[in-house]
file structure-v4.txt (compact mmCIF, C-alpha atoms)
# COMPACT_ATOMS: atom_id res chain seq x y z
CA MET A 817 94.15 108.88 62.01
CA THR A 818 91.56 107.48 64.44
CA PRO A 819 89.68 110.35 66.15
CA PRO A 820 90.63 110.64 69.83
CA ASP A 821 87.07 109.98 71.01
CA ALA A 822 86.84 106.82 68.86
CA ALA A 823 90.20 105.59 70.15
CA THR A 824 89.08 106.18 73.73
CA ALA A 825 85.76 104.44 73.11
CA ALA A 826 87.54 101.42 71.59
CA PHE A 827 89.75 101.11 74.67
CA GLU A 828 86.95 101.67 77.18
CA ALA A 829 84.92 98.93 75.52
CA GLN A 830 87.73 96.53 76.40
CA ARG A 831 88.59 97.90 79.85
CA PRO A 832 86.28 95.65 81.95
CA ARG A 833 87.60 92.51 80.25
CA LEU A 834 91.21 93.69 80.54
CA LEU A 835 90.75 94.37 84.26
CA ARG A 836 89.31 90.89 84.78
CA LEU A 837 92.23 89.33 82.93
CA ALA A 838 94.84 91.37 84.81
CA TYR A 839 93.24 90.59 88.17
CA ARG A 840 93.15 86.86 87.41
CA MET A 841 96.82 87.03 86.40
CA LEU A 842 98.04 89.08 89.36
CA GLY A 843 95.57 88.49 92.20
CA SER A 844 95.64 92.22 92.92
CA VAL A 845 92.99 94.80 92.11
CA THR A 846 95.49 97.65 92.44
CA GLU A 847 98.14 96.06 90.23
CA ALA A 848 95.50 95.07 87.68
CA GLU A 849 94.38 98.71 87.43
CA ASP A 850 98.02 99.79 86.98
CA ALA A 851 98.61 97.22 84.23
CA VAL A 852 95.51 98.35 82.33
CA GLN A 853 96.55 101.98 82.69
CA ASP A 854 99.96 101.12 81.21
CA ALA A 855 98.17 99.39 78.34
CA TRP A 856 96.16 102.57 77.77
CA LEU A 857 99.36 104.61 77.43
CA ARG A 858 100.70 102.18 74.85
CA TRP A 859 97.37 102.13 73.05
CA ARG A 860 97.38 105.92 72.70
CA GLY A 861 100.59 105.67 70.69
CA VAL A 862 99.50 103.04 68.17
CA GLU A 863 95.69 102.88 68.07
CA ALA A 864 95.48 104.26 64.51
CA ALA A 865 97.35 101.23 63.14
CA ILE A 866 95.48 98.49 65.09
CA ASP A 867 92.71 96.60 63.29
CA THR A 868 91.75 94.32 66.18
CA PRO A 869 91.82 96.28 69.47
CA ALA A 870 90.65 93.32 71.59
CA ALA A 871 93.44 91.00 70.46
CA TYR A 872 96.12 93.70 70.66
CA LEU A 873 95.13 94.89 74.12
CA THR A 874 94.78 91.34 75.46
CA ARG A 875 98.32 90.62 74.28
CA ILE A 876 99.73 93.81 75.79
CA VAL A 877 98.02 93.36 79.16
CA THR A 878 99.14 89.73 79.37
CA ARG A 879 102.76 90.68 78.72
CA LEU A 880 102.60 93.54 81.23
CA CYS A 881 101.22 91.13 83.82
CA LEU A 882 103.93 88.56 83.13
CA ASP A 883 106.54 91.26 83.74
CA ARG A 884 104.85 92.22 87.02
CA MET A 885 104.60 88.60 88.14
CA LYS A 886 108.38 88.36 88.35
CA SER A 887 108.60 91.03 91.03
CA ALA A 888 105.37 89.84 92.66
CA ARG A 889 106.79 86.35 93.16
CA ALA A 890 109.93 87.82 94.68
CA ARG A 891 107.78 89.79 97.14
CA ARG A 892 105.80 86.65 98.04
CA GLU A 893 109.02 84.98 99.20
CA THR A 894 109.34 87.55 101.99
CA TYR A 895 105.61 88.01 102.61
CA VAL A 896 104.68 87.74 106.29
CA GLY A 897 102.18 84.95 106.91
CA ALA A 898 99.56 83.58 104.53
CA TRP A 899 99.01 85.34 101.20
CA LEU A 900 95.52 85.76 99.80
CA PRO A 901 94.41 87.55 96.63
CA GLU A 902 92.93 91.00 97.11
CA PRO A 903 89.20 90.43 97.75
CA LEU A 904 87.19 91.22 94.63
CA MET A 905 83.59 92.17 95.34
CA GLY A 906 81.03 90.65 93.00
CA SER A 907 77.57 89.20 92.60
CA THR A 908 76.10 85.75 93.18
CA GLU A 909 76.06 84.84 89.50
CA PRO A 910 79.14 85.35 87.29
CA GLU A 911 78.48 88.00 84.64
CA GLU A 912 81.19 86.57 82.38
CA PRO A 913 82.64 83.02 82.11
CA GLU A 914 85.93 84.21 83.58
CA ASP A 915 84.14 85.42 86.71
CA ASP A 916 83.51 81.78 87.62
CA LEU A 917 87.01 81.57 89.11
CA THR A 918 86.42 81.58 92.86
CA LEU A 919 88.93 82.60 95.50
CA THR A 920 89.73 78.92 96.05
CA LEU A 921 90.56 78.54 92.36
CA MET A 922 92.61 81.74 92.44
CA LEU A 923 94.79 80.12 95.10
CA ALA A 924 95.14 77.07 92.86
CA LEU A 925 96.39 79.37 90.09
CA GLU A 926 99.13 80.58 92.45
CA ARG A 927 100.72 77.13 92.24
CA LEU A 928 101.18 77.47 88.48
CA SER A 929 104.15 78.96 86.68
CA PRO A 930 103.47 82.39 85.12
CA LEU A 931 103.32 80.86 81.62
CA GLU A 932 100.98 78.07 82.75
CA ARG A 933 98.73 80.61 84.39
CA ALA A 934 98.68 82.82 81.31
CA ALA A 935 98.03 79.90 78.94
CA PHE A 936 95.18 78.57 81.07
CA LEU A 937 93.52 81.94 81.58
CA LEU A 938 93.78 83.05 77.97
CA HIS A 939 92.78 79.77 76.34
CA ASP A 940 90.48 78.02 78.82
CA VAL A 941 88.91 80.98 80.60
CA PHE A 942 88.95 83.93 78.20
CA GLY A 943 88.53 81.85 75.05
CA VAL A 944 91.55 83.15 73.12
CA ALA A 945 92.53 80.95 70.17
CA LEU A 946 95.57 78.75 70.75
CA ASN A 947 97.58 80.37 67.95
CA GLU A 948 96.95 83.81 69.43
CA VAL A 949 98.01 82.60 72.88
CA ALA A 950 101.19 81.18 71.35
CA GLY A 951 101.95 84.54 69.73
CA THR A 952 101.34 86.38 72.98
CA LEU A 953 103.62 84.08 74.98
CA GLY A 954 106.25 83.67 72.27
CA ARG A 955 105.88 79.87 72.26
CA GLU A 956 104.88 77.24 69.73
CA PRO A 957 101.19 76.22 69.80
CA ALA A 958 102.09 72.67 70.85
CA ALA A 959 104.05 73.99 73.84
CA VAL A 960 101.19 76.28 74.82
CA ARG A 961 98.76 73.37 74.62
CA GLN A 962 100.90 71.46 77.11
CA LEU A 963 101.09 74.48 79.42
CA ALA A 964 97.29 74.69 79.42
CA VAL A 965 96.90 70.95 80.01
CA ARG A 966 99.20 71.01 83.06
CA ALA A 967 97.42 74.06 84.44
CA ARG A 968 94.01 72.49 83.87
CA ARG A 969 94.94 69.45 85.97
CA HIS A 970 95.89 71.65 88.93
CA VAL A 971 92.78 73.79 88.72
CA GLN A 972 90.31 70.94 88.19
CA ALA A 973 91.29 69.41 91.52
CA ALA A 974 90.29 72.65 93.28
CA ARG A 975 86.89 73.05 91.60
CA PRO A 976 83.89 72.47 93.90
CA ARG A 977 82.12 69.16 93.32
CA TYR A 978 78.65 70.53 93.97
CA ALA A 979 77.00 73.83 93.16
CA VAL A 980 75.81 75.89 96.12
CA ASP A 981 72.46 77.65 96.05
CA PRO A 982 73.17 81.40 96.43
CA GLY A 983 70.37 81.91 98.94
CA GLU A 984 71.57 79.03 101.09
CA ALA A 985 75.17 80.27 100.85
CA GLU A 986 74.16 83.73 102.05
CA ARG A 987 72.17 82.20 104.92
CA ILE A 988 75.22 80.20 106.03
CA ALA A 989 77.46 83.28 105.82
CA ALA A 990 75.05 85.31 107.97
CA ALA A 991 74.75 82.48 110.51
CA PHE A 992 78.54 82.09 110.60
CA PHE A 993 79.07 85.78 111.36
CA ALA A 994 76.50 85.72 114.15
CA ALA A 995 77.91 82.55 115.72
CA SER A 996 81.53 83.71 115.48
CA ARG A 997 80.63 87.12 116.92
CA ASP A 998 78.85 85.51 119.87
CA GLY A 999 81.37 82.71 120.39
CA ASP A 1000 78.57 80.18 119.89
CA THR A 1001 80.73 77.10 119.38
CA GLN A 1002 77.76 74.76 119.18
CA ALA A 1003 76.30 76.65 116.21
CA LEU A 1004 79.74 76.97 114.63
CA GLY A 1005 80.39 73.28 115.05
CA ARG A 1006 77.27 72.44 113.07
CA MET A 1007 78.45 74.64 110.20
CA LEU A 1008 82.10 73.60 109.89
CA ALA A 1009 83.44 70.67 107.90
CA ASP A 1010 85.71 68.41 109.93
CA ASP A 1011 88.73 69.37 107.82
CA VAL A 1012 87.91 73.07 107.55
CA VAL A 1013 90.90 75.36 106.91
CA LEU A 1014 91.14 79.00 108.03
CA ARG A 1015 93.63 81.30 106.28
CA SER A 1016 94.21 84.83 107.51
CA ASP A 1017 96.22 87.47 105.60
CA GLY A 1018 97.56 90.39 107.60
CA GLY A 1019 100.71 90.92 105.55
CA GLY A 1020 102.66 91.81 108.67
CA ARG A 1021 100.66 95.03 108.92
CA VAL A 1022 98.05 93.85 111.41
CA ILE A 1023 97.66 90.80 113.65
CA ALA A 1024 96.76 87.64 111.72
CA PHE A 1025 97.49 83.93 111.92
CA ARG A 1026 100.71 83.26 110.04
CA ASN A 1027 99.89 79.62 109.41
CA PRO A 1028 96.63 77.99 108.32
CA ILE A 1029 94.36 76.76 111.13
CA VAL A 1030 93.30 73.23 110.12
CA GLY A 1031 90.43 71.19 111.56
CA SER A 1032 87.12 72.12 113.13
CA ALA A 1033 88.33 71.58 116.70
CA ARG A 1034 91.16 74.12 116.32
CA VAL A 1035 88.95 76.65 114.53
CA LEU A 1036 86.30 76.34 117.25
CA ARG A 1037 88.92 76.95 119.97
CA LEU A 1038 90.07 80.01 118.06
CA TYR A 1039 86.62 81.63 117.94
CA ALA A 1040 85.87 80.67 121.53
CA GLY A 1041 89.10 82.36 122.58
CA LEU A 1042 88.24 85.53 120.68
CA ARG A 1043 84.88 85.69 122.44
CA ARG A 1044 86.54 85.41 125.89
CA LYS A 1045 88.74 88.46 125.36
CA HIS A 1046 87.74 91.20 127.78
CA GLY A 1047 87.38 94.92 127.16
CA LEU A 1048 86.67 94.68 123.44
CA ALA A 1049 83.40 95.38 121.69
CA PRO A 1050 82.01 92.57 119.51
CA PRO A 1051 82.86 92.69 115.79
CA ARG A 1052 80.52 94.73 113.61
CA LEU A 1053 79.00 93.55 110.37
CA LEU A 1054 79.45 96.29 107.75
CA ARG A 1055 78.07 94.58 104.68
CA PRO A 1056 77.25 91.09 103.39
CA VAL A 1057 79.10 90.60 100.09
CA TRP A 1058 80.23 88.02 97.56
CA ILE A 1059 84.02 87.83 97.36
CA ASP A 1060 85.57 86.17 94.32
CA GLY A 1061 82.46 84.05 93.85
CA LEU A 1062 82.19 83.05 97.52
CA PRO A 1063 79.64 84.27 100.09
CA GLY A 1064 81.02 86.41 102.86
CA PHE A 1065 80.99 89.77 104.57
CA VAL A 1066 82.95 92.90 105.37
CA SER A 1067 83.32 93.56 109.08
CA ALA A 1068 85.29 95.48 111.68
CA ASP A 1069 86.85 93.23 114.29
CA ARG A 1070 86.87 93.76 118.04
CA GLY A 1071 89.76 96.20 117.68
CA GLY A 1072 88.06 98.11 114.87
CA ILE A 1073 90.28 96.67 112.12
CA LEU A 1074 88.59 96.23 108.74
CA GLN A 1075 88.54 92.74 107.29
CA THR A 1076 86.77 90.65 104.69
CA THR A 1077 85.72 87.04 105.22
CA ALA A 1078 84.89 84.63 102.39
CA LEU A 1079 83.53 81.12 102.91
CA ALA A 1080 83.98 78.10 100.66
CA ILE A 1081 80.96 75.85 101.15
CA GLU A 1082 80.79 72.19 100.19
CA GLU A 1083 77.77 69.96 100.77
CA GLY A 1084 76.20 72.52 103.08
CA ARG A 1085 79.22 72.94 105.37
CA ILE A 1086 82.05 75.45 105.48
CA ALA A 1087 85.21 73.89 104.03
CA ALA A 1088 87.44 76.98 104.05
CA ILE A 1089 87.48 80.43 105.67
CA TYR A 1090 89.50 83.20 104.01
CA VAL A 1091 90.09 86.33 106.11
CA THR A 1092 91.86 89.32 104.55
CA ARG A 1093 93.05 91.96 107.04
CA ASN A 1094 96.07 93.50 105.30
CA PRO A 1095 95.06 97.18 104.86
CA ASP A 1096 97.16 97.39 101.69
CA LYS A 1097 94.67 95.00 100.09
CA LEU A 1098 91.51 96.69 101.31
CA GLY A 1099 91.71 100.17 99.81
CA HIS A 1100 89.10 99.38 97.17
CA VAL A 1101 86.86 97.89 99.88
CA VAL A 1102 87.06 101.16 101.82
CA ARG A 1103 86.07 103.05 98.67
CA MET A 1104 83.15 100.68 98.18
CA LEU A 1105 81.91 101.28 101.72
CA GLU A 1106 82.32 105.04 101.39
CA ALA A 1107 80.35 105.00 98.15
CA GLY A 1108 77.49 103.30 99.97
call {"tool": "encode", "arguments": {"input": "structure-v4.txt", "output": "structure tokens"}}
result
Amino acid sequence: MTPPDAATAAFEAQRPRLLRLAYRMLGSVTEAEDAVQDAWLRWRGVEAAIDTPAAYLTRIVTRLCLDRMKSARARRETYVGAWLPEPLMGSTEPEEPEDDLTLTLMLALERLSPLERAAFLLHDVFGVALNEVAGTLGREPAAVRQLAVRARRHVQAARPRYAVDPGEAERIAAAFFAASRDGDTQALGRMLADDVVLRSDGGGRVIAFRNPIVGSARVLRLYAGLRRKHGLAPPRLLRPVWIDGLPGFVSADRGGILQTTALAIEEGRIAAIYVTRNPDKLGHVVRMLEAG
């Protein structure tokens, strides 16, 4: 029988990759951690008989995520307002190929069926062989190939056309926070693309815009209106961060509510603004701030 310490070491070696896979499948840090923990419990019962831990654990986590996606999609139907993935803090450069999926691409994945999403992530992003993906999904390889092709078409349309220099992206994020805090519509206007879209996720727990705000004129009116509100302190910048591959920041708004803001930048201008305010999605952000 495999010694307990060796079995634990084999699982822990796979944990970071399993968490990345589960997060990309579910769009939730918390649910990803739960799925990987469930995989650990299953692993503890069979590890002695498994020759390829990576393949086995990838298959188990994928199937656990597919089961969770059924209930997640049902919850989305009654979700209040816009839904955004839980913000995942990261660095400017992806450490692994699968980390190249930005928040914008994560939203594109939401338009796929669960099987399309799994096929695309496993084959195109995590590099799992087509036959292994077919075994995991219980489909023929030809069917899985078609699932991946359909998913690829959706995702390709959402990929940025031009790479953004990390230093320039961070400069724009810092300037955006300062201008939005001060209600400087002239500075904001120079930063926003004409067709910029703002999405705000409060989940019905805190105030947020239920529908996307589309167009620079409407977004500028929004920030100008926030600045005119009386009796509230200006928002506070808590930390500049990268969120799902996009530059952004963690802040406390004028009412003291924690939020994250991520910016999609195209050709030097802000094309999309993603604001997550739902406290249910920010627990790991609180822990990050507390850890310093």
call {"tool": "closest_residue", "arguments": {"input": "structure-v4.txt", "among": "A:Trp859, A:Phe936, A:Phe1065, A:Tyr872", "to": "Leu963 of chain A", "atoms": "all atoms listed in the file"}}
result
A:Phe936
call {"tool": "closest_atom_pairs", "arguments": {"input": "structure-v4.txt", "of": "segment 823-878 of chain A", "to": "segment 897-901 of chain A", "cutoff": "10 Å", "atoms": "only C-alpha atoms", "output": "JSON lines"}}
result
{"residue": "A:Tyr839", "atom": "CA", "partner": "A:Pro901", "partner_atom": "CA", "distance": 9.1}
{"residue": "A:Arg840", "atom": "CA", "partner": "A:Pro901", "partner_atom": "CA", "distance": 9.3}
{"residue": "A:Leu842", "atom": "CA", "partner": "A:Pro901", "partner_atom": "CA", "distance": 8.3}
{"residue": "A:Gly843", "atom": "CA", "partner": "A:Pro901", "partner_atom": "CA", "distance": 4.7}
{"residue": "A:Ser844", "atom": "CA", "partner": "A:Pro901", "partner_atom": "CA", "distance": 6.1}
{"residue": "A:Val845", "atom": "CA", "partner": "A:Pro901", "partner_atom": "CA", "distance": 8.7}
call {"tool": "atom_distance", "arguments": {"input": "structure-v4.txt", "atom1": "atom CA of Ala829 of chain A", "atom2": "atom CA of Val944 of chain A"}}
result
17.3 Å
call {"tool": "residues_around", "arguments": {"input": "structure-v4.txt", "residues": "Asp1096 of chain A", "least_positions_apart": "3", "cutoff": "9 Å", "atoms": "only C-alpha atoms", "output": "ChimeraX atom specification"}}
result
/A:902,1019,1021,1093,1099
call {"tool": "residues_near_point", "arguments": {"input": "structure-v4.txt", "point": "(107.1, 86.3, 93.2)", "cutoff": "12 Å", "atoms": "only C-alpha atoms", "output": "PyMOL selection string"}}
result
chain A and resi 842-843+882-895+899+926-930
call {"tool": "closest_residue", "arguments": {"input": "structure-v4.txt", "among": "A:Gly906, A:Ala1024, A:Leu880, A:Ala855", "to": "Met841 of chain A", "atoms": "all atoms listed in the file"}}
result
A:Leu880
call {"tool": "closest_residue", "arguments": {"input": "structure-v4.txt", "among": "A:Asp1069, A:Asp1017, A:Glu984, A:Glu849", "to": "Val1091 of chain A", "atoms": "all atoms listed in the file"}}
result
A:Asp1017
call {"tool": "residues_around", "arguments": {"input": "structure-v4.txt", "residues": "Thr874 of chain A", "least_positions_apart": "2", "cutoff": "10 Å", "atoms": "all atoms listed in the file", "output": "ChimeraX atom specification"}}
result
/A:830,833-834,837-838,852,855,869-872,876-880,938,942,944,948-949,952
call {"tool": "residues_around", "arguments": {"input": "structure-v4.txt", "residues": "Ala964 of chain A", "least_positions_apart": "5", "cutoff": "9 Å", "atoms": "all atoms listed in the file", "output": "PyMOL selection string"}}
result
chain A and resi 931-937+939-940+959+969
call {"tool": "closest_residue", "arguments": {"input": "structure-v4.txt", "among": "A:Trp856, A:Phe827, A:Phe993, A:Tyr978", "to": "Pro1056 of chain A", "atoms": "only C-alpha atoms"}}
result
A:Phe993
call {"tool": "residues_around", "arguments": {"input": "structure-v4.txt", "residues": "Ala979 of chain A", "least_positions_apart": "5", "cutoff": "10 Å", "atoms": "only C-alpha atoms", "output": "ChimeraX atom specification"}}
result
/A:1081-1083
call {"tool": "atom_distance", "arguments": {"input": "structure-v4.txt", "atom1": "atom CA of Asp998 of chain A", "atom2": "atom CA of Lys1097 of chain A"}}
result
27.0 Å
